[in-house]
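Accompanying notes for the structure given below.
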Amino acid sequence: MNMDEETEKAQPKDVVWHDHGLSRDDREKLLGQKGLLLWFTGLSGSGKSTIASAFQKRLFDEKRLVYILDGDNIRHGLNSDLGFTKEERSENIRRIGEVGKLFVDAGVITIAAFISPYRKDRQEVRDKLGERFVEVYVKCSLEECEKRDTKGLYRKARSGKIGDFTGVSAPYEEPENPEIEVDTAKLDVEQSVQLICDWLEKEGLWKDESAIHERTGEEE
């Protein structure tokens with residue numbers, strides 16, 4: 001590449017955000033809900049995906065627009081180029097944080113189910129989303145997760161067939177102050193989903209009331 005070609009390449013400072021005329025508020029009024037990113041974090045086998053799926057079904061049945069960003073599924077496409085080193089895990093979460101931010105801007109209730117072992121990475125996503133980020137700690141002891149071992153991953157990690165495995169050969173940093181804590185050793189799936197729904201209701205994040213009133217013509 002010659003100097004002229006290098007000069008023509010766009011630099012970050014040359015890339016300007018374009019406003020397309022519709023805001024998140026506009027889309028939320030259309031959908032009658034608030035865009036949120038519910039971030040499910042916990043060890044492998046803790047129940048993140050199971051609870052996320054049940055929670056999604058609950059929301060869908062109530063006519064809400066909802067979507068799951070699943071850790072395993074994302075690695076089949078968007079993040080298929082990433083491994084499991086500390087740096088690659090951080091990049092994995094950074095990308096999902098950006099995707100989640102776009103979904104929230106679209107007014108979608110977004111569920112991210114990722115081990116996301118490092119507090120710093122989760123905090124960076126929170127910083128992007130502010131009050132639209134809800135951390136859900138799916139709590140389960142390592143011993144219980146190993147007993148479940150539905151995918152046989154702990155067994156492989158203990159035998160050395162899988163390296164950098166969270167809880168075995170790589171760390172997991174528990175959330176210090178999550179909005180919601182779901183202890184799957186004590187709660188079943190239905191109870192876990194209800195706990196999440198109750199918190200959203202209490203915090204007024206369940207739906208966009210102003211949008212509902214505007215669409216139905218009801219008075220507050």
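If you're wondering about the labels, chains in the structure tokens are A, B, ... by order shown, residues count from 1 in each chain, ligands from 1 in order shown.
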
Distance query Glu124 in chain A at most 12 Å, only C-alpha atoms, self and fewer than 5 positions along chain excluded, as a list in words: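 Near Glu124 in chain A, the qualifying residues are Ser90, Glu91, Ile93, Arg94, Arg95, Ile96, Gly97, Glu98, Lys101, Ser116, Tyr118, Arg119, Leu129, Gly130 and Phe133 of chain A.
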
Keeping only N, CA and C atoms, write the selected residues as a short mmCIF file (atom, residue, chain, number, x, y, z; two decimals), in the first residue's frame.
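Final file, part22.cif:
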```cif
data_model
loop_
_atom_site.label_atom_id
_atom_site.label_comp_id
_atom_site.auth_asym_id
_atom_site.auth_seq_id
_atom_site.Cartn_x
_atom_site.Cartn_y
_atom_site.Cartn_z
N SER A 90 -12.34 -11.24 26.93
CA SER A 90 -12.69 -9.83 27.08
C SER A 90 -13.22 -9.26 25.77
N GLU A 91 -12.59 -9.63 24.67
CA GLU A 91 -13.06 -9.16 23.37
C GLU A 91 -14.43 -9.73 23.04
N ILE A 93 -16.81 -10.39 25.17
CA ILE A 93 -17.79 -9.62 25.93
C ILE A 93 -17.91 -8.20 25.38
N ARG A 94 -16.80 -7.61 24.97
CA ARG A 94 -16.86 -6.26 24.40
C ARG A 94 -17.78 -6.23 23.17
N ARG A 95 -17.62 -7.21 22.30
CA ARG A 95 -18.45 -7.25 21.08
C ARG A 95 -19.92 -7.43 21.43
N ILE A 96 -20.20 -8.32 22.37
CA ILE A 96 -21.59 -8.57 22.73
C ILE A 96 -22.19 -7.33 23.40
N GLY A 97 -21.37 -6.63 24.17
CA GLY A 97 -21.85 -5.39 24.76
C GLY A 97 -22.28 -4.39 23.71
N GLU A 98 -21.52 -4.31 22.62
CA GLU A 98 -21.86 -3.39 21.53
C GLU A 98 -23.13 -3.85 20.80
N LYS A 101 -26.07 -3.14 23.02
CA LYS A 101 -26.38 -1.71 23.00
C LYS A 101 -27.26 -1.35 21.81
N SER A 116 -19.03 -14.73 31.15
CA SER A 116 -18.45 -13.39 31.39
C SER A 116 -17.75 -13.34 32.75
N TYR A 118 -15.09 -11.99 34.10
CA TYR A 118 -14.34 -10.87 34.69
C TYR A 118 -15.22 -9.65 34.97
N ARG A 119 -15.12 -9.14 36.20
CA ARG A 119 -15.92 -7.98 36.61
C ARG A 119 -15.65 -6.77 35.71
N LEU A 129 -24.32 1.03 28.81
CA LEU A 129 -25.79 0.98 28.84
C LEU A 129 -26.41 1.80 29.97
N GLY A 130 -25.66 2.08 31.02
CA GLY A 130 -26.21 2.82 32.15
C GLY A 130 -27.36 2.07 32.81
N PHE A 133 -28.89 -1.44 31.75
CA PHE A 133 -28.15 -2.69 31.99
C PHE A 133 -28.60 -3.28 33.33
#
```

Taking the DSSP assignment computed from this structure's backbone, write out as a ChimeraX atom specification all residues of range 15-203 of chain A that belong to strand (DSSP E or B). /A:36-41,66-70,109-113,133-139,166,170,180-183

Where does DSSP see helix (DSSP H, G or I) in range 124-212 of chain A, if you list the residues as a ChimeraX atom specification? /A:124-132,142-148,153-158,189-202,209-212

For Glu203 in chain A, please output as a ChimeraX atom specification all residues within 12 Å (counting only C-alpha atoms; exclusion window: fewer than 4 positions along the same chain). /A:131-132,134,179-180,196-199,207-208

Nearby residues (only C-alpha atoms) at most 10 Å from Asp183 in chain A, same-chain spacing under 5 positions excluded, as a PyMOL selection string: chain A and resi 46-47+137-141+188+192

Dump as an mmCIF file, in the first residue's frame, selection limited to N, CA and C atoms:
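Saved result, selection18.cif, follows:
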```
data_model
loop_
_atom_site.group_PDB
_atom_site.id
_atom_site.type_symbol
_atom_site.label_atom_id
_atom_site.label_comp_id
_atom_site.auth_asym_id
_atom_site.auth_seq_id
_atom_site.Cartn_x
_atom_site.Cartn_y
_atom_site.Cartn_z
ATOM 1 N N SER A 46 -24.651 -23.391 35.548
ATOM 2 C CA SER A 46 -25.413 -22.736 36.621
ATOM 3 C C SER A 46 -26.890 -22.593 36.279
ATOM 4 N N GLY A 47 -27.212 -22.630 34.971
ATOM 5 C CA GLY A 47 -28.606 -22.531 34.565
ATOM 6 C C GLY A 47 -28.937 -21.272 33.767
ATOM 7 N N TYR A 137 -27.139 -12.318 38.357
ATOM 8 C CA TYR A 137 -26.161 -13.322 38.757
ATOM 9 C C TYR A 137 -26.871 -14.648 38.968
ATOM 10 N N VAL A 138 -26.608 -15.593 38.073
ATOM 11 C CA VAL A 138 -27.176 -16.930 38.206
ATOM 12 C C VAL A 138 -26.193 -17.723 39.068
ATOM 13 N N LYS A 139 -26.493 -17.744 40.352
ATOM 14 C CA LYS A 139 -25.565 -18.271 41.344
ATOM 15 C C LYS A 139 -25.698 -19.786 41.506
ATOM 16 N N CYS A 140 -24.556 -20.435 41.493
ATOM 17 C CA CYS A 140 -24.531 -21.880 41.729
ATOM 18 C C CYS A 140 -23.096 -22.250 42.074
ATOM 19 N N SER A 141 -22.913 -23.055 43.086
ATOM 20 C CA SER A 141 -21.556 -23.418 43.505
ATOM 21 C C SER A 141 -20.868 -24.249 42.426
ATOM 22 N N ASP A 188 -36.213 -23.253 41.511
ATOM 23 C CA ASP A 188 -36.358 -23.933 40.226
ATOM 24 C C ASP A 188 -36.497 -22.882 39.123
ATOM 25 N N SER A 192 -37.230 -18.851 39.481
ATOM 26 C CA SER A 192 -36.168 -17.936 39.048
ATOM 27 C C SER A 192 -36.716 -16.879 38.100
#
```

Using only C-alpha atoms, determine which residues lie at most 12 Å from Arg75 in chain A, disregarding the query and same-chain residues fewer than 5 positions distant; provide the list as a ChimeraX atom specification. /A:69-70,80-84,88-89,91-93,95-96,114

Could you please take those selected residues and save N, CA and C atoms as a tab-separated table (two decimals), in the first residue's frame?
```
chain	number	residue	atom	x	y	z
A	69	LEU	N	-29.14	-13.35	23.32
A	69	LEU	CA	-27.78	-13.46	22.81
A	69	LEU	C	-27.10	-14.52	23.67
A	70	ASP	N	-26.87	-15.69	23.11
A	70	ASP	CA	-26.37	-16.84	23.88
A	70	ASP	C	-24.88	-17.04	23.62
A	80	SER	N	-16.73	-16.36	16.13
A	80	SER	CA	-16.12	-17.65	15.81
A	80	SER	C	-14.60	-17.58	15.70
A	81	ASP	N	-14.06	-16.37	15.61
A	81	ASP	CA	-12.61	-16.20	15.50
A	81	ASP	C	-11.93	-16.09	16.85
A	82	LEU	N	-12.69	-16.17	17.93
A	82	LEU	CA	-12.12	-15.99	19.26
A	82	LEU	C	-11.97	-17.30	20.02
A	83	GLY	N	-10.91	-17.38	20.80
A	83	GLY	CA	-10.69	-18.54	21.67
A	83	GLY	C	-11.09	-18.21	23.09
A	84	PHE	N	-10.35	-18.76	24.06
A	84	PHE	CA	-10.75	-18.62	25.46
A	84	PHE	C	-9.64	-18.08	26.36
A	88	GLU	N	-9.09	-12.86	24.76
A	88	GLU	CA	-10.16	-13.21	23.83
A	88	GLU	C	-11.52	-13.22	24.52
A	89	ARG	N	-11.56	-13.64	25.77
A	89	ARG	CA	-12.81	-13.58	26.52
A	89	ARG	C	-13.28	-12.13	26.66
A	91	GLU	N	-12.59	-9.63	24.67
A	91	GLU	CA	-13.06	-9.16	23.37
A	91	GLU	C	-14.43	-9.73	23.04
A	92	ASN	N	-14.65	-10.97	23.43
A	92	ASN	CA	-15.95	-11.61	23.26
A	92	ASN	C	-17.05	-10.78	23.93
A	93	ILE	N	-16.81	-10.39	25.17
A	93	ILE	CA	-17.79	-9.62	25.93
A	93	ILE	C	-17.91	-8.20	25.38
A	95	ARG	N	-17.62	-7.21	22.30
A	95	ARG	CA	-18.45	-7.25	21.08
A	95	ARG	C	-19.92	-7.43	21.43
A	96	ILE	N	-20.20	-8.32	22.37
A	96	ILE	CA	-21.59	-8.57	22.73
A	96	ILE	C	-22.19	-7.33	23.40
A	114	PHE	N	-24.03	-15.19	29.21
A	114	PHE	CA	-22.60	-15.41	29.03
A	114	PHE	C	-21.94	-15.65	30.39
```

At a cut-off of 10 Å, using only C-alpha atoms, what residues contact Thr50 in chain A? Leave out same-chain residues fewer than 5 positions from it and give the result as a compact mmCIF listing (two decimals) with N, CA and C atoms, in the first residue's frame.
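Output saved as result_25.txt:
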```txt
# COMPACT_ATOMS: atom_id res chain seq x y z
N GLY A 45 -23.09 -24.37 33.55
CA GLY A 45 -23.93 -25.32 34.26
C GLY A 45 -24.77 -24.70 35.36
N PHE A 55 -37.46 -17.35 30.57
CA PHE A 55 -37.79 -15.94 30.73
C PHE A 55 -38.21 -15.35 29.38
N GLN A 56 -37.50 -15.72 28.33
CA GLN A 56 -37.86 -15.26 26.99
C GLN A 56 -39.28 -15.71 26.62
N ALA A 113 -26.74 -14.22 27.77
CA ALA A 113 -26.38 -15.32 28.67
C ALA A 113 -24.93 -15.72 28.39
N VAL A 189 -36.66 -23.34 37.89
CA VAL A 189 -36.69 -22.42 36.75
C VAL A 189 -37.85 -21.43 36.86
```

Could you name the residues that touch Arg158 in chain A at 12 Å or less, counting only C-alpha atoms, but leaving out those on the same chain fewer than 5 positions away, as a ChimeraX atom specification? /A:146,149,152-153,163-170

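Counting from CA of Leu36 in chain A, the distance to CA of Lys63 in chain A is 15.6 Å.
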